[in-house]
$ cat upload_9.pdb   # PDB, C-alpha atoms
MODEL        1
ATOM      1  CA  HIS S   1      49.839 -90.216 -71.493  1.00  0.00           C
ATOM      2  CA  ALA S   2      48.582 -93.504 -72.959  1.00  0.00           C
ATOM      3  CA  SER S   3      47.316 -91.719 -76.079  1.00  0.00           C
ATOM      4  CA  VAL S   4      50.702 -90.104 -76.690  1.00  0.00           C
ATOM      5  CA  ASN S   5      52.483 -93.449 -76.210  1.00  0.00           C
ATOM      6  CA  TYR S   6      50.070 -95.097 -78.649  1.00  0.00           C
ATOM      7  CA  LEU S   7      50.578 -92.310 -81.190  1.00  0.00           C
ATOM      8  CA  ASP S   8      54.350 -92.679 -80.825  1.00  0.00           C
ATOM      9  CA  ASP S   9      54.121 -96.431 -81.489  1.00  0.00           C
ATOM     10  CA  VAL S  10      51.883 -95.983 -84.531  1.00  0.00           C
ATOM     11  CA  PHE S  11      54.068 -93.196 -85.924  1.00  0.00           C
ATOM     12  CA  GLY S  12      57.100 -95.449 -85.516  1.00  0.00           C
ATOM     13  CA  ASN S  13      55.331 -98.316 -87.297  1.00  0.00           C
ATOM     14  CA  VAL S  14      54.274 -96.116 -90.222  1.00  0.00           C
ATOM     15  CA  THR S  15      57.762 -94.627 -90.486  1.00  0.00           C
ATOM     16  CA  GLN S  16      59.339 -98.085 -90.528  1.00  0.00           C
ATOM     17  CA  ALA S  17      56.875 -99.297 -93.191  1.00  0.00           C
ATOM     18  CA  ILE S  18      57.752 -96.316 -95.398  1.00  0.00           C
ATOM     19  CA  LYS S  19      61.458 -97.034 -94.947  1.00  0.00           C
ATOM     20  CA  ASP S  20      60.951-100.757 -95.655  1.00  0.00           C
ATOM     21  CA  LYS S  21      59.280 -99.860 -98.969  1.00  0.00           C
ATOM     22  CA  GLY S  22      62.220 -97.619 -99.923  1.00  0.00           C
ATOM     23  CA  MET S  23      60.055 -94.478 -99.920  1.00  0.00           C
ATOM     24  CA  TRP S  24      61.632 -92.562 -97.017  1.00  0.00           C
ATOM     25  CA  ASP S  25      63.916 -90.382 -99.161  1.00  0.00           C
ATOM     26  CA  ASP S  26      60.837 -88.963-100.934  1.00  0.00           C
ATOM     27  CA  THR S  27      58.779 -88.521 -97.754  1.00  0.00           C
ATOM     28  CA  LEU S  28      58.059 -85.298 -95.889  1.00  0.00           C
ATOM     29  CA  VAL S  29      56.090 -85.655 -92.647  1.00  0.00           C
ATOM     30  CA  VAL S  30      54.500 -82.619 -90.979  1.00  0.00           C
ATOM     31  CA  VAL S  31      52.997 -82.877 -87.494  1.00  0.00           C
ATOM     32  CA  SER S  32      51.385 -79.824 -85.951  1.00  0.00           C
ATOM     33  CA  SER S  33      48.652 -78.857 -83.555  1.00  0.00           C
ATOM     34  CA  ASP S  34      45.851 -76.519 -84.561  1.00  0.00           C
ATOM     35  CA  ASN S  35      45.650 -74.732 -81.200  1.00  0.00           C
ATOM     36  CA  GLY S  36      46.901 -74.829 -77.642  1.00  0.00           C
ATOM     37  CA  GLY S  37      45.555 -77.331 -75.153  1.00  0.00           C
ATOM     38  CA  ALA S  38      42.137 -76.853 -73.602  1.00  0.00           C
ATOM     39  CA  ILE S  39      42.427 -75.446 -70.081  1.00  0.00           C
ATOM     40  CA  TYR S  40      38.771 -75.219 -69.086  1.00  0.00           C
ATOM     41  CA  ALA S  41      37.413 -77.346 -66.229  1.00  0.00           C
ATOM     42  CA  GLY S  42      37.861 -81.073 -66.735  1.00  0.00           C
ATOM     43  CA  SER S  43      40.017 -80.779 -69.854  1.00  0.00           C
ATOM     44  CA  GLY S  44      43.428 -81.588 -68.389  1.00  0.00           C
ATOM     45  CA  GLY S  45      45.310 -79.272 -70.772  1.00  0.00           C
ATOM     46  CA  ASN S  46      48.461 -77.407 -69.761  1.00  0.00           C
ATOM     47  CA  ASN S  47      50.238 -74.810 -71.885  1.00  0.00           C
ATOM     48  CA  TYR S  48      52.695 -73.655 -69.223  1.00  0.00           C
ATOM     49  CA  PRO S  49      54.595 -71.322 -69.330  1.00  0.00           C
ATOM     50  CA  LEU S  50      52.259 -69.695 -71.861  1.00  0.00           C
ATOM     51  CA  LYS S  51      49.077 -67.933 -70.752  1.00  0.00           C
ATOM     52  CA  GLY S  52      45.725 -69.116 -72.127  1.00  0.00           C
ATOM     53  CA  GLY S  53      44.659 -72.130 -74.139  1.00  0.00           C
ATOM     54  CA  LYS S  54      42.243 -73.410 -76.749  1.00  0.00           C
ATOM     55  CA  VAL S  55      39.628 -70.780 -77.761  1.00  0.00           C
ATOM     56  CA  SER S  56      41.807 -67.889 -76.610  1.00  0.00           C
ATOM     57  CA  ASN S  57      44.101 -65.508 -78.461  1.00  0.00           C
ATOM     58  CA  TRP S  58      46.707 -65.650 -75.698  1.00  0.00           C
ATOM     59  CA  GLN S  59      49.988 -67.349 -76.611  1.00  0.00           C
ATOM     60  CA  GLY S  60      48.808 -70.594 -74.981  1.00  0.00           C
ATOM     61  CA  GLY S  61      45.953 -70.740 -77.466  1.00  0.00           C
ATOM     62  CA  ILE S  62      47.733 -69.866 -80.712  1.00  0.00           C
ATOM     63  CA  ARG S  63      51.394 -70.806 -80.246  1.00  0.00           C
ATOM     64  CA  VAL S  64      51.867 -74.529 -80.696  1.00  0.00           C
ATOM     65  CA  ASN S  65      54.653 -76.957 -81.334  1.00  0.00           C
ATOM     66  CA  GLY S  66      55.119 -79.101 -84.377  1.00  0.00           C
ATOM     67  CA  PHE S  67      57.828 -80.825 -86.329  1.00  0.00           C
ATOM     68  CA  VAL S  68      58.862 -81.705 -89.856  1.00  0.00           C
ATOM     69  CA  THR S  69      60.782 -84.883 -90.613  1.00  0.00           C
ATOM     70  CA  GLY S  70      61.432 -87.331 -93.402  1.00  0.00           C
ATOM     71  CA  GLY S  71      64.153 -88.209 -95.852  1.00  0.00           C
ATOM     72  CA  PHE S  72      63.087 -85.352 -98.134  1.00  0.00           C
ATOM     73  CA  LEU S  73      64.145 -82.852 -95.473  1.00  0.00           C
ATOM     74  CA  PRO S  74      67.711 -81.688 -96.199  1.00  0.00           C
ATOM     75  CA  GLU S  75      70.266 -83.164 -93.782  1.00  0.00           C
ATOM     76  CA  SER S  76      71.562 -79.673 -92.999  1.00  0.00           C
ATOM     77  CA  VAL S  77      68.311 -78.748 -91.210  1.00  0.00           C
ATOM     78  CA  ARG S  78      67.492 -82.052 -89.527  1.00  0.00           C
ATOM     79  CA  GLY S  79      67.513 -81.680 -85.759  1.00  0.00           C
ATOM     80  CA  THR S  80      67.402 -77.884 -85.911  1.00  0.00           C
ATOM     81  CA  LYS S  81      64.815 -75.628 -84.332  1.00  0.00           C
ATOM     82  CA  LEU S  82      62.795 -72.851 -85.971  1.00  0.00           C
ATOM     83  CA  GLU S  83      60.756 -70.346 -84.010  1.00  0.00           C
ATOM     84  CA  LYS S  84      58.928 -68.658 -86.864  1.00  0.00           C
ATOM     85  CA  PHE S  85      55.290 -67.940 -87.651  1.00  0.00           C
ATOM     86  CA  THR S  86      53.364 -70.463 -89.681  1.00  0.00           C
ATOM     87  CA  TYR S  87      49.671 -70.809 -90.325  1.00  0.00           C
ATOM     88  CA  VAL S  88      47.699 -73.950 -91.204  1.00  0.00           C
ATOM     89  CA  PRO S  89      46.874 -72.801 -94.789  1.00  0.00           C
ATOM     90  CA  ASP S  90      50.606 -72.313 -95.365  1.00  0.00           C
ATOM     91  CA  TRP S  91      50.970 -76.096 -95.493  1.00  0.00           C
ATOM     92  CA  TYR S  92      48.542 -76.344 -98.427  1.00  0.00           C
ATOM     93  CA  VAL S  93      50.526 -73.750-100.393  1.00  0.00           C
ATOM     94  CA  THR S  94      53.810 -75.429 -99.417  1.00  0.00           C
ATOM     95  CA  PHE S  95      52.658 -78.911-100.495  1.00  0.00           C
ATOM     96  CA  CYS S  96      51.343 -77.482-103.773  1.00  0.00           C
ATOM     97  CA  ALA S  97      54.710 -75.823-104.429  1.00  0.00           C
ATOM     98  CA  LEU S  98      56.599 -79.043-103.660  1.00  0.00           C
ATOM     99  CA  ALA S  99      54.295 -80.985-106.009  1.00  0.00           C
ATOM    100  CA  GLY S 100      54.645 -78.366-108.745  1.00  0.00           C
ATOM    101  CA  VAL S 101      50.942 -77.515-108.588  1.00  0.00           C
ATOM    102  CA  ASP S 102      49.458 -74.008-108.510  1.00  0.00           C
ATOM    103  CA  SER S 103      47.599 -73.391-105.232  1.00  0.00           C
ATOM    104  CA  PHE S 104      45.144 -71.060-106.968  1.00  0.00           C
ATOM    105  CA  ASP S 105      41.591 -72.445-106.858  1.00  0.00           C
ATOM    106  CA  ALA S 106      39.576 -71.238-109.861  1.00  0.00           C
ATOM    107  CA  SER S 107      36.395 -72.971-108.645  1.00  0.00           C
ATOM    108  CA  ALA S 108      36.611 -71.102-105.348  1.00  0.00           C
ATOM    109  CA  GLU S 109      37.094 -67.811-107.176  1.00  0.00           C
ATOM    110  CA  ILE S 110      34.029 -68.475-109.369  1.00  0.00           C
ATOM    111  CA  ALA S 111      32.054 -69.224-106.193  1.00  0.00           C
ATOM    112  CA  GLY S 112      33.110 -65.842-104.792  1.00  0.00           C
ATOM    113  CA  LEU S 113      35.412 -67.290-102.137  1.00  0.00           C
ATOM    114  CA  PRO S 114      38.620 -65.510-101.161  1.00  0.00           C
ATOM    115  CA  PRO S 115      41.979 -66.793-102.402  1.00  0.00           C
ATOM    116  CA  VAL S 116      44.003 -69.236-100.340  1.00  0.00           C
ATOM    117  CA  ASP S 117      45.650 -67.330 -97.499  1.00  0.00           C
ATOM    118  CA  GLY S 118      48.969 -69.098 -97.341  1.00  0.00           C
ATOM    119  CA  VAL S 119      52.649 -68.793 -98.170  1.00  0.00           C
ATOM    120  CA  ASN S 120      55.242 -71.355 -99.238  1.00  0.00           C
ATOM    121  CA  LEU S 121      57.181 -72.385 -96.129  1.00  0.00           C
ATOM    122  CA  TRP S 122      59.647 -74.663 -97.924  1.00  0.00           C
ATOM    123  CA  PRO S 123      62.434 -72.088 -98.508  1.00  0.00           C
ATOM    124  CA  MET S 124      62.446 -71.333 -94.768  1.00  0.00           C
ATOM    125  CA  ILE S 125      62.071 -74.947 -93.569  1.00  0.00           C
ATOM    126  CA  SER S 126      64.639 -76.358 -95.988  1.00  0.00           C
ATOM    127  CA  GLY S 127      67.249 -73.768 -94.994  1.00  0.00           C
ATOM    128  CA  GLN S 128      67.307 -72.093 -98.424  1.00  0.00           C
ATOM    129  CA  THR S 129      66.654 -68.784 -96.661  1.00  0.00           C
ATOM    130  CA  ALA S 130      66.786 -67.503 -93.097  1.00  0.00           C
ATOM    131  CA  THR S 131      64.064 -64.980 -93.899  1.00  0.00           C
ATOM    132  CA  PRO S 132      60.774 -65.846 -92.196  1.00  0.00           C
ATOM    133  CA  ALA S 133      57.981 -66.830 -94.563  1.00  0.00           C
ATOM    134  CA  ARG S 134      55.667 -64.598 -92.518  1.00  0.00           C
ATOM    135  CA  GLU S 135      56.436 -61.425 -90.576  1.00  0.00           C
ATOM    136  CA  ASP S 136      52.974 -60.938 -89.154  1.00  0.00           C
ATOM    137  CA  MET S 137      49.791 -62.786 -88.222  1.00  0.00           C
ATOM    138  CA  PHE S 138      46.192 -61.747 -87.683  1.00  0.00           C
ATOM    139  CA  PHE S 139      43.817 -63.701 -85.407  1.00  0.00           C
ATOM    140  CA  GLY S 140      40.260 -63.335 -84.325  1.00  0.00           C
ATOM    141  CA  PRO S 141      37.732 -62.882 -83.282  1.00  0.00           C
ATOM    142  CA  ILE S 142      37.220 -66.290 -81.690  1.00  0.00           C
ATOM    143  CA  MET S 143      33.637 -67.460 -81.878  1.00  0.00           C
ATOM    144  CA  ALA S 144      31.995 -70.250 -79.873  1.00  0.00           C
ATOM    145  CA  GLN S 145      28.338 -71.221 -80.188  1.00  0.00           C
ATOM    146  CA  GLY S 146      27.608 -67.945 -81.967  1.00  0.00           C
ATOM    147  CA  PHE S 147      29.230 -65.724 -79.357  1.00  0.00           C
ATOM    148  CA  GLU S 148      32.483 -63.795 -79.613  1.00  0.00           C
ATOM    149  CA  ILE S 149      34.741 -64.981 -76.796  1.00  0.00           C
ATOM    150  CA  GLY S 150      38.111 -63.737 -77.996  1.00  0.00           C
ATOM    151  CA  GLY S 151      39.134 -60.408 -79.434  1.00  0.00           C
ATOM    152  CA  VAL S 152      41.131 -59.543 -82.525  1.00  0.00           C
ATOM    153  CA  VAL S 153      44.918 -59.943 -82.325  1.00  0.00           C
ATOM    154  CA  TYR S 154      47.667 -58.731 -84.646  1.00  0.00           C
ATOM    155  CA  ILE S 155      51.235 -59.981 -84.212  1.00  0.00           C
ATOM    156  CA  ASN S 156      54.215 -58.412 -85.954  1.00  0.00           C
ATOM    157  CA  GLY S 157      57.626 -59.825 -85.146  1.00  0.00           C
ATOM    158  CA  HIS S 158      57.970 -59.896 -81.363  1.00  0.00           C
ATOM    159  CA  TYR S 159      55.085 -57.448 -80.841  1.00  0.00           C
ATOM    160  CA  LYS S 160      51.476 -58.405 -80.166  1.00  0.00           C
TER     161      LYS S 160
ENDMDL
END
$ encode --input "upload_9.pdb" --output "structure tokens"
Amino acid sequence: HASVNYLDDVFGNVTQAIKDKGMWDDTLVVVSSDNGGAIYAGSGGNNYPLKGGKVSNWQGGIRVNGFVTGGFLPESVRGTKLEKFTYVPDWYVTFCALAGVDSFDASAEIAGLPPVDGVNLWPMISGQTATPAREDMFFGPIMAQGFEIGGVVYINGHYK
């Protein structure tokens, strides 16, 4: 728990510094995990009551908590809870939209890479719409050291 306490202290210090500089009203802070906690031997992770953990497609491996805060967040949604699908690349698209920048990457297209797989979360997060930004998610397979250890998963609404 020492790491979490340290992180809490540092986060508080950074937040206070931003407020002291008069920048809080223009600040949006996003904190999220990339996967559930590791539950293999010696890891100490716990995703209860969800089954599974890091490197699994069970809910304990892919469903994580996170939060959005900052003065930029409308007061009407502060302290509320959303239980909607989001995906890490969605944050890139969302930040681009907030900055007024197109998320399209021409250099990636020239290199033959696929387009950014993300959607703008801001209308949902800011309370402009109750419609989820995503209705479905696709995961898998999970690979570790060149071996497939997790199958393919498709989630649509409440169905997996």
$ axis_aligned_box --input "upload_9.pdb" --around "stretch 81-90 of chain S" --padding-each-side "4 Å" --output "AutoDock Vina command-line options"
--center_x 55.8 --center_y -71.8 --center_z -89.7 --size_x 25.9 --size_y 15.7 --size_z 19.4
$ resolve_selection --input "upload_9.pdb" --expression "the PyMOL selection byres ((chain S and resi 39-49) around 12)" --output "ChimeraX atom specification"
/S:1,35-38,50-56,58-65
$ closest_residue --input "upload_9.pdb" --among "S:Glu109, S:Ile155, S:Val101, S:Asp90" --to "S:Ile125" --atoms "only C-alpha atoms"
S:Asp90
$ closest_residue --input "upload_9.pdb" --among "S:Pro74, S:Gly12, S:Gly66, S:Gly112" --to "S:Val31" --atoms "only C-alpha atoms"
S:Gly66
$ resolve_selection --input "upload_9.pdb" --expression "the PyMOL selection byres ((chain S and resi 27) around 8)" --output "PDB file with C-alpha atoms, in the frame of the given file"
ATOM      1  CA  MET S  23      60.055 -94.478 -99.920  1.00  0.00           C
ATOM      2  CA  TRP S  24      61.632 -92.562 -97.017  1.00  0.00           C
ATOM      3  CA  ASP S  25      63.916 -90.382 -99.161  1.00  0.00           C
ATOM      4  CA  ASP S  26      60.837 -88.963-100.934  1.00  0.00           C
ATOM      5  CA  LEU S  28      58.059 -85.298 -95.889  1.00  0.00           C
ATOM      6  CA  VAL S  29      56.090 -85.655 -92.647  1.00  0.00           C
ATOM      7  CA  GLY S  70      61.432 -87.331 -93.402  1.00  0.00           C
ATOM      8  CA  GLY S  71      64.153 -88.209 -95.852  1.00  0.00           C
ATOM      9  CA  PHE S  72      63.087 -85.352 -98.134  1.00  0.00           C
TER      10      PHE S  72
END
$ resolve_selection --input "upload_9.pdb" --expression "the PyMOL selection byres ((chain S and resi 97-100) around 12)" --output "MDAnalysis selection string"
chainID S and resid 26:28 72:73 90:96 101:104 118:123 126
$ closest_residue --input "upload_9.pdb" --among "S:Asn156, S:Thr69, S:Thr86, S:Ser107" --to "S:Ala133" --atoms "only C-alpha atoms"
S:Thr86
$ closest_residue --input "upload_9.pdb" --among "S:Tyr6, S:Gln128, S:Phe139, S:Phe85" --to "S:His158" --atoms "all atoms listed in the file"
S:Phe85
$ atom_distance --input "upload_9.pdb" --atom1 "atom CA of S:Asn57" --atom2 "atom CA of S:Tyr159"
13.8 Å
